[in-house]
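Visitor: Contents are mmCIF, C-alpha atoms; file name model31.cif:
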```cif
data_my_file
#
loop_
_atom_site.label_atom_id
_atom_site.label_comp_id
_atom_site.auth_asym_id
_atom_site.auth_seq_id
_atom_site.Cartn_x
_atom_site.Cartn_y
_atom_site.Cartn_z
CA MET D 1056 -97.50 3.47 -73.56
CA PRO D 1057 -94.56 5.92 -74.06
CA SER D 1058 -92.76 7.06 -70.97
CA PRO D 1059 -92.94 10.74 -69.96
CA ASN D 1060 -89.23 11.19 -70.82
CA GLN D 1061 -89.69 10.11 -74.42
CA SER D 1062 -90.39 12.92 -77.02
CA ARG D 1063 -92.96 12.21 -79.64
CA GLY D 1064 -91.86 12.98 -83.32
CA PHE D 1065 -93.88 13.80 -86.44
CA THR D 1066 -95.48 11.00 -88.31
CA LEU D 1067 -95.05 10.70 -92.09
CA VAL D 1068 -98.66 11.77 -92.63
CA GLU D 1069 -98.20 14.91 -90.52
CA LEU D 1070 -94.99 15.76 -92.35
CA MET D 1071 -96.70 15.39 -95.74
CA ILE D 1072 -99.57 17.63 -94.61
CA ALA D 1073 -97.14 20.29 -93.39
CA LEU D 1074 -95.18 20.21 -96.64
CA THR D 1075 -98.38 20.48 -98.66
CA ILE D 1076 -99.54 23.51 -96.68
CA MET D 1077 -96.13 25.15 -97.08
CA SER D 1078 -96.20 24.49 -100.83
CA LEU D 1079 -99.65 26.03 -101.16
CA LEU D 1080 -98.58 29.08 -99.17
CA SER D 1081 -95.43 29.43 -101.29
CA LEU D 1082 -97.42 29.19 -104.53
CA SER D 1083 -99.92 31.75 -103.26
CA LEU D 1084 -97.13 34.12 -102.24
CA TYR D 1085 -95.35 33.66 -105.58
CA GLY D 1086 -98.56 34.38 -107.48
CA THR D 1087 -99.14 37.56 -105.49
CA VAL D 1088 -95.58 38.79 -106.02
CA SER D 1089 -95.64 37.85 -109.72
CA LEU D 1090 -98.98 39.64 -110.24
CA GLY D 1091 -97.67 42.74 -108.51
CA ALA D 1092 -94.48 42.77 -110.59
CA ARG D 1093 -96.47 42.25 -113.81
CA SER D 1094 -98.90 45.03 -112.89
CA ALA D 1095 -96.01 47.36 -112.11
CA SER D 1096 -94.38 46.56 -115.45
CA ILE D 1097 -97.63 47.17 -117.36
CA GLY D 1098 -98.16 50.40 -115.45
CA GLU D 1099 -94.66 51.63 -116.28
CA ARG D 1100 -95.11 50.69 -119.94
CA LYS D 1101 -98.44 52.54 -120.12
CA SER D 1102 -96.96 55.54 -118.36
CA GLU D 1103 -94.00 55.64 -120.76
CA GLN D 1104 -96.27 55.24 -123.78
CA ALA D 1105 -98.56 58.00 -122.50
CA ARG D 1106 -95.55 60.26 -122.02
CA ARG D 1107 -94.35 59.54 -125.55
CA TYR D 1108 -97.85 60.17 -126.93
CA ARG D 1109 -97.98 63.52 -125.17
CA ILE D 1110 -94.57 64.57 -126.49
CA ALA D 1111 -95.23 63.32 -130.04
CA THR D 1112 -98.70 64.83 -130.35
CA ASP D 1113 -97.59 68.17 -128.89
CA LEU D 1114 -94.75 68.23 -131.42
CA MET D 1115 -96.97 67.41 -134.41
CA VAL D 1116 -99.57 69.98 -133.37
CA ARG D 1117 -96.92 72.69 -132.92
CA GLN D 1118 -95.17 71.98 -136.21
CA LEU D 1119 -98.38 71.78 -138.25
CA ARG D 1120 -99.72 75.01 -136.79
CA SER D 1121 -96.41 76.60 -137.79
CA ALA D 1122 -96.48 75.27 -141.37
CA ALA D 1123 -95.13 77.85 -143.82
CA PRO D 1124 -96.20 78.37 -147.47
CA LEU D 1125 -92.71 78.18 -148.97
CA HIS D 1126 -90.98 76.62 -151.96
CA VAL D 1127 -88.54 73.71 -152.04
CA VAL D 1128 -86.31 72.71 -154.96
CA ASP D 1129 -87.86 69.76 -156.74
CA ASP D 1130 -85.32 67.08 -157.68
CA LYS D 1131 -87.15 66.29 -160.93
CA GLU D 1132 -88.07 69.77 -162.12
CA ASP D 1133 -84.85 71.33 -160.76
CA GLU D 1134 -86.77 74.39 -159.66
CA ALA D 1135 -88.46 75.65 -156.51
CA GLN D 1136 -92.01 74.38 -156.12
CA PRO D 1137 -94.70 75.11 -153.52
CA TYR D 1138 -94.20 72.50 -150.86
CA PHE D 1139 -96.68 70.50 -148.80
CA ILE D 1140 -96.83 66.80 -149.67
CA GLY D 1141 -99.51 64.84 -147.88
CA GLU D 1142 -100.33 61.15 -148.24
CA SER D 1143 -102.40 58.80 -146.11
CA GLU D 1144 -99.36 57.40 -144.25
CA ARG D 1145 -96.74 60.10 -144.85
CA MET D 1146 -96.59 63.87 -144.62
CA SER D 1147 -93.88 66.42 -145.43
CA PHE D 1148 -93.97 70.22 -145.17
CA VAL D 1149 -92.00 73.31 -144.16
CA THR D 1150 -92.33 74.32 -140.52
CA ALA D 1151 -91.21 77.32 -138.50
CA ALA D 1152 -90.99 75.15 -135.37
CA PRO D 1153 -88.09 72.74 -135.92
CA GLN D 1154 -87.28 70.18 -133.25
CA SER D 1155 -83.66 69.18 -133.95
CA PRO D 1156 -80.99 70.25 -131.41
CA ASN D 1157 -79.59 73.75 -131.88
CA SER D 1158 -82.11 74.34 -134.68
CA SER D 1159 -83.57 77.68 -135.61
CA GLY D 1160 -85.46 79.22 -138.48
CA LEU D 1161 -87.22 76.88 -140.89
CA ALA D 1162 -87.00 73.16 -141.61
CA VAL D 1163 -88.56 70.57 -143.89
CA VAL D 1164 -90.18 68.01 -141.60
CA ASP D 1165 -91.24 64.52 -142.63
CA TYR D 1166 -93.51 62.10 -140.73
CA TRP D 1167 -93.97 58.43 -141.65
CA ILE D 1168 -94.47 55.00 -140.10
CA ASP D 1169 -91.77 52.34 -140.37
CA ASP D 1170 -92.39 48.81 -139.02
CA GLY D 1171 -94.67 49.95 -136.20
CA VAL D 1172 -92.62 53.06 -135.35
CA LEU D 1173 -93.73 56.63 -136.03
CA MET D 1174 -90.64 58.39 -137.39
CA MET D 1175 -89.78 62.05 -137.91
CA SER D 1176 -86.94 63.68 -139.84
CA GLU D 1177 -85.93 67.30 -140.35
CA LEU D 1178 -83.74 69.03 -142.91
CA PRO D 1179 -82.84 72.74 -142.61
CA TYR D 1180 -84.84 74.77 -145.08
CA PHE D 1181 -81.81 76.49 -146.58
CA ALA D 1182 -80.46 73.08 -147.65
CA ALA D 1183 -83.79 72.01 -149.14
CA PHE D 1184 -84.27 75.30 -150.99
CA SER D 1185 -80.76 75.61 -152.34
CA GLY D 1186 -80.48 72.10 -153.79
CA ASP D 1187 -81.93 68.63 -154.15
CA MET D 1188 -83.37 67.77 -150.72
CA PHE D 1189 -82.85 64.07 -151.49
CA ASP D 1190 -79.15 64.52 -152.25
CA SER D 1191 -77.11 62.08 -150.14
CA SER D 1192 -74.48 64.76 -149.54
CA LEU D 1193 -77.02 66.48 -147.26
CA ASP D 1194 -77.44 63.44 -145.01
CA HIS D 1195 -75.25 64.95 -142.31
CA LEU D 1196 -77.78 67.80 -141.99
CA VAL D 1197 -80.75 65.47 -141.51
CA TYR D 1198 -82.06 64.99 -137.98
CA GLU D 1199 -84.07 61.75 -137.61
CA THR D 1200 -85.74 60.31 -134.53
CA ALA D 1201 -88.40 57.78 -133.46
CA LEU D 1202 -91.44 59.42 -131.89
CA LEU D 1203 -93.71 56.48 -131.01
CA TYR D 1204 -93.35 52.71 -130.82
CA ASP D 1205 -95.94 49.93 -131.09
CA ILE D 1206 -98.06 51.76 -133.68
CA ARG D 1207 -100.27 49.57 -135.84
CA ALA D 1208 -101.34 52.30 -138.25
CA VAL D 1209 -101.22 56.04 -138.84
CA GLN D 1210 -103.52 57.98 -141.14
CA PHE D 1211 -103.24 61.59 -142.29
CA GLU D 1212 -106.20 63.40 -143.85
CA TYR D 1213 -106.43 66.91 -145.28
CA ARG D 1214 -109.22 69.45 -145.51
CA ARG D 1215 -109.31 72.43 -147.86
CA SER D 1216 -111.79 74.52 -145.94
CA ASP D 1217 -111.94 75.09 -142.21
CA PHE D 1218 -115.68 75.65 -142.60
CA ASP D 1219 -116.30 72.31 -144.30
CA THR D 1220 -115.87 69.62 -141.64
CA GLU D 1221 -117.10 66.74 -143.80
CA ASN D 1222 -114.88 66.61 -146.88
CA TRP D 1223 -111.46 65.13 -146.13
CA SER D 1224 -108.85 63.96 -148.62
CA ASP D 1225 -106.10 61.38 -148.16
CA LYS D 1226 -103.72 63.32 -150.45
CA TRP D 1227 -102.45 66.87 -150.73
CA ASP D 1228 -99.93 68.49 -153.04
CA ALA D 1229 -99.30 72.22 -152.74
CA VAL D 1230 -98.17 72.36 -156.38
CA ASP D 1231 -101.58 71.20 -157.61
CA ASP D 1232 -103.72 72.73 -154.87
CA GLU D 1233 -101.80 76.05 -154.82
CA THR D 1234 -102.38 76.41 -151.10
CA LEU D 1235 -101.81 74.74 -147.77
CA PRO D 1236 -104.65 72.66 -146.32
CA ALA D 1237 -106.81 74.44 -143.78
CA ALA D 1238 -106.60 71.50 -141.41
CA VAL D 1239 -104.92 68.11 -141.01
CA ALA D 1240 -106.43 65.15 -139.16
CA ILE D 1241 -104.09 62.60 -137.58
CA SER D 1242 -105.28 59.17 -136.48
CA LEU D 1243 -102.98 56.78 -134.60
CA LYS D 1244 -103.90 53.18 -133.79
CA PRO D 1245 -101.82 51.24 -131.23
CA ASP D 1246 -100.47 47.75 -131.77
CA GLY D 1247 -101.97 45.99 -128.75
CA PRO D 1248 -104.80 46.38 -126.24
CA ASP D 1249 -102.66 48.39 -123.79
CA GLY D 1250 -101.97 51.17 -126.29
CA THR D 1251 -103.77 54.47 -126.63
CA ALA D 1252 -105.64 55.42 -129.79
CA TRP D 1253 -105.35 59.09 -130.74
CA TYR D 1254 -107.27 61.31 -133.13
CA HIS D 1255 -106.79 65.02 -133.54
CA GLU D 1256 -107.78 67.71 -136.04
CA ILE D 1257 -105.13 70.42 -136.34
CA PRO D 1258 -105.84 73.75 -138.05
CA ILE D 1259 -103.02 75.23 -140.13
CA PHE D 1260 -103.09 78.94 -139.40
CA VAL D 1261 -101.86 80.04 -142.84
CA GLY D 1262 -104.53 77.99 -144.57
CA VAL D 1263 -107.28 79.29 -142.30
CA PHE D 1264 -106.07 82.88 -142.69
CA ASN D 1265 -106.03 82.63 -146.47
CA GLU D 1266 -109.49 81.14 -146.44
CA VAL D 1267 -110.81 84.10 -144.46
CA THR D 1268 -109.00 86.76 -146.51
CA GLY D 1269 -109.49 85.08 -149.89
CA GLU D 1270 -105.76 85.02 -150.58
CA GLN D 1271 -103.71 82.06 -151.78
CA ASP D 1272 -100.49 80.91 -150.15
CA PHE D 1273 -98.26 80.99 -153.19
CA ARG D 1274 -99.84 83.73 -155.30
CA GLY D 1275 -97.27 86.26 -156.42
CA GLU D 1276 -94.51 84.77 -154.27
CA ARG D 1277 -92.35 83.94 -157.27
CA ARG D 1278 -92.23 85.90 -160.50
#
```
Is it possible to express this structure as structure tokens?

Guide:
Amino acid sequence: MPSPNQSRGFTLVELMIALTIMSLLSLSLYGTVSLGARSASIGERKSEQARRYRIATDLMVRQLRSAAPLHVVDDKEDEAQPYFIGESERMSFVTAAPQSPNSSGLAVVDYWIDDGVLMMSELPYFAAFSGDMFDSSLDHLVYETALLYDIRAVQFEYRRSDFDTENWSDKWDAVDDETLPAAVAISLKPDGPDGTAWYHEIPIFVGVFNEVTGEQDFRGERR
């Protein structure tokens, strides 16, 4: 029987139990902290993506609504041609709402997707009208920026009549169609479950106006 002056220590079994409990508590605490950090990171990523979506979509809507029925010098024909080139994954037109710094007036804007990134470029209209818009000597005038990341696909569609909501085309050429489309539909699909899908139909005011008045965009503009 131990004397009253002797202190009793931990047994090996008690020490192992204590270490096990501490390990479980540490693992539980680590899991909670890790989950919180991961949730915060996902939340920040979603917030940043939502902010970029808002900026990009506002820009596309503003520039499309300000599309202008003007001519651009064609590098093959070497003459000014009505300009609005629309494809399923690329779109180029003249806008009165340029985005580049210190910009004013008109610009030729181009949207396309490149390796999961929605890109935009702008070239001042005076440069596109006065010469070959694909001339490398004009590269210093081109403003190019990435609008959205983690994009799996983008699709542009075009409608001739604002009153016909069913018939959409995946191509548009102002030279052949002799007018701007009345509306453009943009569909964006994210690359990943955390992304935001976006679909919007944007009326082009010039096209809608011409449809109402019976006029054509490019009629009589050049003699």

Visitor: Interatomic distance between atom CA of D:Ala1111 and atom CA of D:Leu1125?

Guide: 24.2 Å

Visitor: Identify, on the basis of only C-alpha atoms, every residue whose closest approach to stretch 1200-1206 of chain D does not exceed 7 Å; exclude the query and any residue fewer than 2 positions from it along the same chain; express the result as a list of chain:residue names.

Guide: D:Arg1107, D:Tyr1108, D:Ala1111, D:Gly1171, D:Val1172, D:Leu1173, D:Met1174, D:Met1175, D:Ser1176, D:Tyr1198, D:Ala1208, D:Lys1244, D:Pro1245, D:Asp1246

Visitor: Identify all residues satisfying the PyMOL selection byres ((chain D and resi 1229) around 10) in the given file; provide them as a ChimeraX atom specification.

Guide: /D:1124-1126,1136-1141,1148,1227-1228,1230-1236,1272-1273

Visitor: Please compute the atom CA of D:Leu1196-atom CA of D:Ala1182 distance, one decimal, in Å.

Guide: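 The value is 8.2 Å.
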
Visitor: Can you tell me how far atom CA of D:Asp1113 sits from atom CA of D:Gln1154, in Å to one decimal?

Guide: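 The value is 11.4 Å.
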
Visitor: Could you tell me which of D:Thr1150, D:Ser1224, D:Thr1075, D:Thr1087 comes closest to D:Met1115 if we count only C-alpha atoms?

Guide: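 Closest to D:Met1115, using only C-alpha atoms: D:Thr1150.
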
Visitor: Just checking: using only C-alpha atoms, which residue out of D:Leu1161, D:Leu1082, D:Leu1070, D:Val1197 ends up closest to D:Leu1178?

Guide: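 Residue with the minimum atom-to-atom distance to D:Leu1178: D:Val1197.
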
Visitor: Once the PyMOL selection byres ((chain D and resi 1214) around 6) has been evaluated on this model, what residues remain selected, and can you format them as a list of chain:residue names?

Guide: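 Evaluating the PyMOL selection byres ((chain D and resi 1214) around 6) on this file yields D:Tyr1213, D:Arg1215, D:Ser1216, D:Trp1223, D:Pro1236, D:Ala1237, D:Ala1238.
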
Visitor: Would you output that residue set with C-alpha atoms, as a short mmCIF file (atom, residue, chain, number, x, y, z; two decimals), in the coordinates of the input?

Guide:
```cif
data_model
loop_
_atom_site.label_atom_id
_atom_site.label_comp_id
_atom_site.auth_asym_id
_atom_site.auth_seq_id
_atom_site.Cartn_x
_atom_site.Cartn_y
_atom_site.Cartn_z
CA TYR D 1213 -106.43 66.91 -145.28
CA ARG D 1215 -109.31 72.43 -147.86
CA SER D 1216 -111.79 74.52 -145.94
CA TRP D 1223 -111.46 65.13 -146.13
CA PRO D 1236 -104.65 72.66 -146.32
CA ALA D 1237 -106.81 74.44 -143.78
CA ALA D 1238 -106.60 71.50 -141.41
#
```

Visitor: Name the closest residue to D:Val1239 among the candidates D:Asn1222, D:Phe1260, D:Leu1119, D:Pro1156; distances are taken between atoms, counting all atoms listed in the file.

Guide: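 Closest candidate: D:Leu1119.
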
Visitor: Evaluate the PyMOL selection byres ((chain D and resi 1162) around 9) against this structure - the residues, as a list in words, please.

Guide: Phe1148, Val1149, Thr1150, Ala1151, Ala1152, Pro1153, Gln1154, Ser1158, Ser1159, Gly1160, Leu1161, Val1163, Val1164, Glu1177, Leu1178, Pro1179, Tyr1180, Phe1181, Ala1182 and Ala1183 of chain D

Visitor: Taking all atoms of stretch 1137-1155 of chain D that the file lists, what box with edges along x, y and z, padded by 6 Å per side, do you get, with centre and edge lengths in Å to one decimal, as lines of an AutoDock Vina configuration file?

Guide:
```
center_x = -93.0
center_y = 67.4
center_z = -143.4
size_x = 30.7
size_y = 31.9
size_z = 32.3
```
